[in-house]
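A.B. asks: Take a look at input-v3.pdb, PDB, C-alpha atoms:
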```pdb
ATOM      1  CA  MET A   1       0.000   0.000   0.000
ATOM      2  CA  THR A   2       1.270   3.481  -0.917
ATOM      3  CA  LEU A   3       0.370   6.485   1.197
ATOM      4  CA  VAL A   4      -0.576   9.576  -0.739
ATOM      5  CA  GLN A   5      -0.483  12.955   0.935
ATOM      6  CA  MET A   6      -3.459  15.022  -0.134
ATOM      7  CA  GLN A   7      -3.101  18.784  -0.387
ATOM      8  CA  PRO A   8      -6.112  21.031   0.096
ATOM      9  CA  ARG A   9      -7.157  22.554  -3.184
ATOM     10  CA  SER A  10      -7.277  26.317  -3.270
ATOM     11  CA  THR A  11     -10.569  27.843  -4.352
ATOM     12  CA  ASN A  12      -8.627  30.373  -6.414
ATOM     13  CA  ALA A  13      -5.608  29.153  -8.323
ATOM     14  CA  ASN A  14      -4.419  32.706  -8.976
ATOM     15  CA  PRO A  15      -3.313  34.427  -5.719
ATOM     16  CA  VAL A  16      -3.918  37.845  -7.326
ATOM     17  CA  HIS A  17      -7.652  37.119  -7.310
ATOM     18  CA  ARG A  18      -7.715  35.655  -3.792
ATOM     19  CA  THR A  19      -9.819  37.861  -1.538
ATOM     20  CA  VAL A  20      -9.833  38.571   2.172
ATOM     21  CA  ASP A  21     -13.014  36.468   2.308
ATOM     22  CA  ASP A  22     -10.955  33.456   1.155
ATOM     23  CA  ALA A  23      -8.306  34.040   3.840
ATOM     24  CA  MET A  24     -10.279  35.217   6.867
ATOM     25  CA  GLU A  25     -10.983  33.162   9.966
ATOM     26  CA  ALA A  26     -14.250  32.966  11.879
ATOM     27  CA  ALA A  27     -15.080  36.096  13.845
ATOM     28  CA  GLY A  28     -14.844  34.451  17.256
ATOM     29  CA  PRO A  29     -16.248  36.027  20.403
ATOM     30  CA  GLN A  30     -17.885  39.438  20.020
ATOM     31  CA  VAL A  31     -18.491  41.698  23.001
ATOM     32  CA  CYS A  32     -19.997  45.121  23.603
ATOM     33  CA  ASP A  33     -17.706  48.128  24.020
ATOM     34  CA  ASP A  34     -19.182  48.956  27.440
ATOM     35  CA  MET A  35     -17.705  45.752  28.910
ATOM     36  CA  THR A  36     -14.954  46.265  31.485
ATOM     37  CA  VAL A  37     -11.408  45.102  30.831
ATOM     38  CA  GLU A  38     -11.584  42.576  33.670
ATOM     39  CA  VAL A  39     -14.782  40.980  32.343
ATOM     40  CA  ALA A  40     -13.356  40.952  28.796
ATOM     41  CA  LEU A  41     -10.276  39.094  30.026
ATOM     42  CA  ALA A  42     -12.530  36.544  31.741
ATOM     43  CA  VAL A  43     -14.575  36.094  28.544
ATOM     44  CA  MET A  44     -11.381  35.664  26.550
ATOM     45  CA  ALA A  45     -10.050  33.078  28.980
ATOM     46  CA  SER A  46     -13.276  31.068  29.058
ATOM     47  CA  ALA A  47     -13.541  31.154  25.248
ATOM     48  CA  ARG A  48      -9.832  30.283  24.939
ATOM     49  CA  ALA A  49      -9.528  33.137  22.466
ATOM     50  CA  GLY A  50      -6.566  35.394  21.816
ATOM     51  CA  HIS A  51      -8.746  38.326  20.781
ATOM     52  CA  LEU A  52     -12.253  39.730  21.008
ATOM     53  CA  LEU A  53     -14.170  41.684  18.408
ATOM     54  CA  VAL A  54     -15.693  44.756  20.011
ATOM     55  CA  CYS A  55     -19.069  46.100  18.895
ATOM     56  CA  ASP A  56     -21.024  49.226  19.793
ATOM     57  CA  GLU A  57     -24.599  49.338  21.091
ATOM     58  CA  ASP A  58     -25.875  49.015  17.492
ATOM     59  CA  GLY A  59     -23.916  45.805  16.913
ATOM     60  CA  LEU A  60     -21.392  47.461  14.586
ATOM     61  CA  CYS A  61     -17.769  46.410  14.915
ATOM     62  CA  THR A  62     -15.602  49.137  16.451
ATOM     63  CA  GLY A  63     -12.355  47.200  16.740
ATOM     64  CA  LEU A  64     -10.471  44.241  18.072
ATOM     65  CA  VAL A  65      -8.647  43.790  21.373
ATOM     66  CA  THR A  66      -6.062  41.181  22.242
ATOM     67  CA  GLN A  67      -5.222  39.544  25.514
ATOM     68  CA  ALA A  68      -1.831  41.276  25.475
ATOM     69  CA  GLN A  69      -3.476  44.703  25.068
ATOM     70  CA  LEU A  70      -5.943  44.134  27.865
ATOM     71  CA  THR A  71      -3.319  42.693  30.201
ATOM     72  CA  ALA A  72      -1.091  45.725  29.589
ATOM     73  CA  VAL A  73      -4.001  48.059  30.398
ATOM     74  CA  ARG A  74      -4.909  46.105  33.533
ATOM     75  CA  ASP A  75      -1.285  46.141  34.720
ATOM     76  CA  GLY A  76      -0.919  49.887  34.045
ATOM     77  CA  ALA A  77      -0.716  52.477  36.820
ATOM     78  CA  ALA A  78      -3.878  54.295  35.642
ATOM     79  CA  TYR A  79      -6.058  51.167  35.628
ATOM     80  CA  THR A  80      -9.288  51.011  37.594
ATOM     81  CA  ASP A  81     -11.970  48.352  37.467
ATOM     82  CA  HIS A  82     -14.188  50.874  35.640
ATOM     83  CA  VAL A  83     -12.087  50.996  32.443
ATOM     84  CA  ARG A  84     -14.270  49.937  29.515
ATOM     85  CA  LEU A  85     -13.236  48.444  26.184
ATOM     86  CA  ARG A  86     -14.294  51.659  24.387
ATOM     87  CA  ASP A  87     -11.663  53.452  26.518
ATOM     88  CA  VAL A  88      -8.999  50.979  25.409
ATOM     89  CA  LEU A  89      -9.898  51.189  21.703
ATOM     90  CA  GLY A  90      -9.860  54.971  21.446
ATOM     91  CA  ASP A  91     -10.237  56.000  17.803
ATOM     92  CA  ARG A  92     -11.932  53.724  15.321
ATOM     93  CA  GLN A  93      -9.513  50.974  14.358
ATOM     94  CA  PRO A  94      -8.694  49.793  10.824
ATOM     95  CA  PHE A  95     -10.930  47.250   9.107
ATOM     96  CA  THR A  96     -10.938  45.483   5.797
ATOM     97  CA  SER A  97     -13.629  44.329   3.419
ATOM     98  CA  PRO A  98     -14.152  40.689   2.443
ATOM     99  CA  LEU A  99     -13.997  41.825  -1.187
ATOM    100  CA  THR A 100     -10.475  43.255  -0.905
ATOM    101  CA  THR A 101      -7.990  41.156  -2.850
ATOM    102  CA  MET A 102      -4.973  39.801  -1.024
ATOM    103  CA  ALA A 103      -2.779  41.459  -3.675
ATOM    104  CA  GLU A 104      -3.911  44.913  -2.504
ATOM    105  CA  PRO A 105      -1.561  46.545   0.008
ATOM    106  CA  GLU A 106      -4.205  47.938   2.415
ATOM    107  CA  PRO A 107      -4.732  44.994   4.797
ATOM    108  CA  GLU A 108      -1.054  44.132   5.099
ATOM    109  CA  HIS A 109      -0.046  47.798   5.414
ATOM    110  CA  ALA A 110      -2.621  48.450   8.156
ATOM    111  CA  MET A 111      -1.450  45.402  10.097
ATOM    112  CA  ARG A 112       2.254  46.180   9.792
ATOM    113  CA  TYR A 113       1.910  49.925  10.456
ATOM    114  CA  ARG A 114      -0.203  49.427  13.571
ATOM    115  CA  ARG A 115       1.582  46.210  14.603
ATOM    116  CA  LEU A 116      -1.627  44.192  14.580
ATOM    117  CA  ASP A 117      -1.814  40.399  14.627
ATOM    118  CA  ALA A 118      -5.388  40.465  13.365
ATOM    119  CA  LEU A 119      -7.673  42.797  11.439
ATOM    120  CA  PRO A 120     -11.488  42.734  11.628
ATOM    121  CA  VAL A 121     -13.321  41.999   8.374
ATOM    122  CA  VAL A 122     -16.615  43.890   8.157
ATOM    123  CA  ASP A 123     -19.459  44.129   5.656
ATOM    124  CA  GLU A 124     -20.796  47.345   4.085
ATOM    125  CA  GLN A 125     -22.893  48.088   7.186
ATOM    126  CA  GLY A 126     -19.981  47.583   9.607
ATOM    127  CA  SER A 127     -20.992  44.196  11.007
ATOM    128  CA  ALA A 128     -18.132  41.820  11.803
ATOM    129  CA  LEU A 129     -17.794  38.878   9.426
ATOM    130  CA  GLY A 130     -14.453  37.476  10.504
ATOM    131  CA  VAL A 131     -10.816  38.214  11.210
ATOM    132  CA  LEU A 132      -7.811  38.406   8.911
ATOM    133  CA  ALA A 133      -4.897  37.084  10.961
ATOM    134  CA  LEU A 134      -1.190  37.004  10.255
ATOM    135  CA  ALA A 135       0.064  33.578   9.262
ATOM    136  CA  ARG A 136       1.870  31.885  12.123
TER
END
```
Before anything else, please render the file you have as structure tokens.

C.D. replies:
Amino acid sequence: MTLVQMQPRSTNANPVHRTVDDAMEAAGPQVCDDMTVEVALAVMASARAGHLLVCDEDGLCTGLVTQAQLTAVRDGAAYTDHVRLRDVLGDRQPFTSPLTTMAEPEPEHAMRYRRLDALPVVDEQGSALGVLALAR
């Protein structure tokens, strides 16, 4: 008997036409921006997730926080148990569209410039669809 190693077949043979939708991962846990840092860390731990997508009261994605970010905030001198995720996020963070091709520089540039491990993928209305993560 001969063992044959099967390789997954790409849906797009040409990487120029590969879109963010082809490369993104599932959205994972989504939380509201009024959640405290301590509760968000507990949610992240129980979900065994490295990041959380943060949404506003209308359900629109406002950004993404990582465990490292939240731990740094919690360990900071100015931390109180009243700090909310919206306070951590500050200005609206970068996003990408599922229709963006992987050949376009925007997603990679945004991730490198802001030193992000993951970038939220949102639809035209701003709802989170998934996450574009750096390859490990």

A.B. asks: Report the residues retrieved by the PyMOL selection byres ((chain A and resi 70) around 9) from the displayed file, expressed as a count of residues only.

C.D. replies: 16

A.B. asks: Could you give me, as a list in words, the residues within 10 Å of Pro98 in chain A, counting all atoms listed in the file and dropping anything in the same chain fewer than 4 positions from it?

C.D. replies: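 Once the nearby chain positions are removed, what remains is Thr19, Val20, Asp21, Asp22, Ala23, Met24, Met102, Pro120, Val121, Val122, Asp123, Glu124, Leu129, Gly130, Val131 and Leu132 of chain A.
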
A.B. asks: Smallest atom-to-atom distance to Asp81 in chain A: which of A:Ser127, A:Thr36, A:Gln30, A:Gln93, using all atoms listed in the file?

C.D. replies: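 Checking each of A:Ser127, A:Thr36, A:Gln30, A:Gln93 against Asp81 in chain A, counting all atoms listed in the file, the winner is A:Thr36.
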
A.B. asks: Tell me which protein, DNA and RNA residues are within 8 Å of Leu119 in chain A, counting only C-alpha atoms, leaving out same-chain ones fewer than 4 positions away, and put them as a PyMOL selection string.

C.D. replies: chain A and resi 64+94-96+107+111+131-133

A.B. asks: What separation in Å, quoted to one decimal, exists between CA of Gly90 in chain A and CA of Ala45 in chain A?

C.D. replies: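 Value for the CA of Gly90 in chain A-CA of Ala45 in chain A distance: 23.2 Å.
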
A.B. asks: Quick check, in Å to one decimal: how far apart do CA of Asp117 in chain A and CA of Thr62 in chain A lie?

C.D. replies: 16.4 Å

A.B. asks: Given the file above and the PyMOL selection byres ((chain A and resi 55) around 7), which residues are selected, and can you give them as a PyMOL selection string?

C.D. replies: chain A and resi 30-33+53-54+56-57+59-62

A.B. asks: Which residues, named as in the file, does the PyMOL selection byres ((chain A and resi 101) around 7) pick out? Answer as number ranges by chain.

C.D. replies: A: 16-20, 99-100, 102-104

A.B. asks: Could you save those same residues with C-alpha atoms as an mmCIF file, in the frame of the given file?

C.D. replies:
```
data_model
loop_
_atom_site.group_PDB
_atom_site.id
_atom_site.type_symbol
_atom_site.label_atom_id
_atom_site.label_comp_id
_atom_site.auth_asym_id
_atom_site.auth_seq_id
_atom_site.Cartn_x
_atom_site.Cartn_y
_atom_site.Cartn_z
ATOM 1 C CA VAL A 16 -3.918 37.845 -7.326
ATOM 2 C CA HIS A 17 -7.652 37.119 -7.310
ATOM 3 C CA ARG A 18 -7.715 35.655 -3.792
ATOM 4 C CA THR A 19 -9.819 37.861 -1.538
ATOM 5 C CA VAL A 20 -9.833 38.571 2.172
ATOM 6 C CA LEU A 99 -13.997 41.825 -1.187
ATOM 7 C CA THR A 100 -10.475 43.255 -0.905
ATOM 8 C CA MET A 102 -4.973 39.801 -1.024
ATOM 9 C CA ALA A 103 -2.779 41.459 -3.675
ATOM 10 C CA GLU A 104 -3.911 44.913 -2.504
#
```

A.B. asks: Considering all atoms listed in the file, can you say which of A:Ala26, A:Asp87, A:Ala118, A:Glu106 comes closest to His51 in chain A?

C.D. replies: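 Ranking A:Ala26, A:Asp87, A:Ala118, A:Glu106 by distance to His51 in chain A, first place goes to A:Ala118.
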
A.B. asks: What is the CA of Leu89 in chain A to CA of Ser46 in chain A distance in Å?

C.D. replies: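 About the pair CA of Leu89 in chain A and CA of Ser46 in chain A: they are 21.7 Å apart.
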
A.B. asks: Just want the 10 Å neighbourhood of Pro29 in chain A, counted on all atoms listed in the file, with same-chain residues fewer than 4 positions away dropped. Output as a list in words.

C.D. replies: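 What passes the distance filter is Val43, Met44, Ala47, Arg48, Ala49, Gly50, His51, Leu52, Leu53 and Val54 of chain A.
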
A.B. asks: Next, the residues of the selection above should be written as a PDB file, in the coordinates of the input with C-alpha atoms.

C.D. replies:
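Output file result-v1.pdb follows:
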```pdb
ATOM      1  CA  VAL A  43     -14.575  36.094  28.544  1.00  0.00           C
ATOM      2  CA  MET A  44     -11.381  35.664  26.550  1.00  0.00           C
ATOM      3  CA  ALA A  47     -13.541  31.154  25.248  1.00  0.00           C
ATOM      4  CA  ARG A  48      -9.832  30.283  24.939  1.00  0.00           C
ATOM      5  CA  ALA A  49      -9.528  33.137  22.466  1.00  0.00           C
ATOM      6  CA  GLY A  50      -6.566  35.394  21.816  1.00  0.00           C
ATOM      7  CA  HIS A  51      -8.746  38.326  20.781  1.00  0.00           C
ATOM      8  CA  LEU A  52     -12.253  39.730  21.008  1.00  0.00           C
ATOM      9  CA  LEU A  53     -14.170  41.684  18.408  1.00  0.00           C
ATOM     10  CA  VAL A  54     -15.693  44.756  20.011  1.00  0.00           C
TER      11      VAL A  54
END
```

A.B. asks: Tell me which of A:Asp34, A:Glu25, A:Asp58, A:Gly63 sits closest to Arg84 in chain A, counting only C-alpha atoms.

C.D. replies: A:Asp34
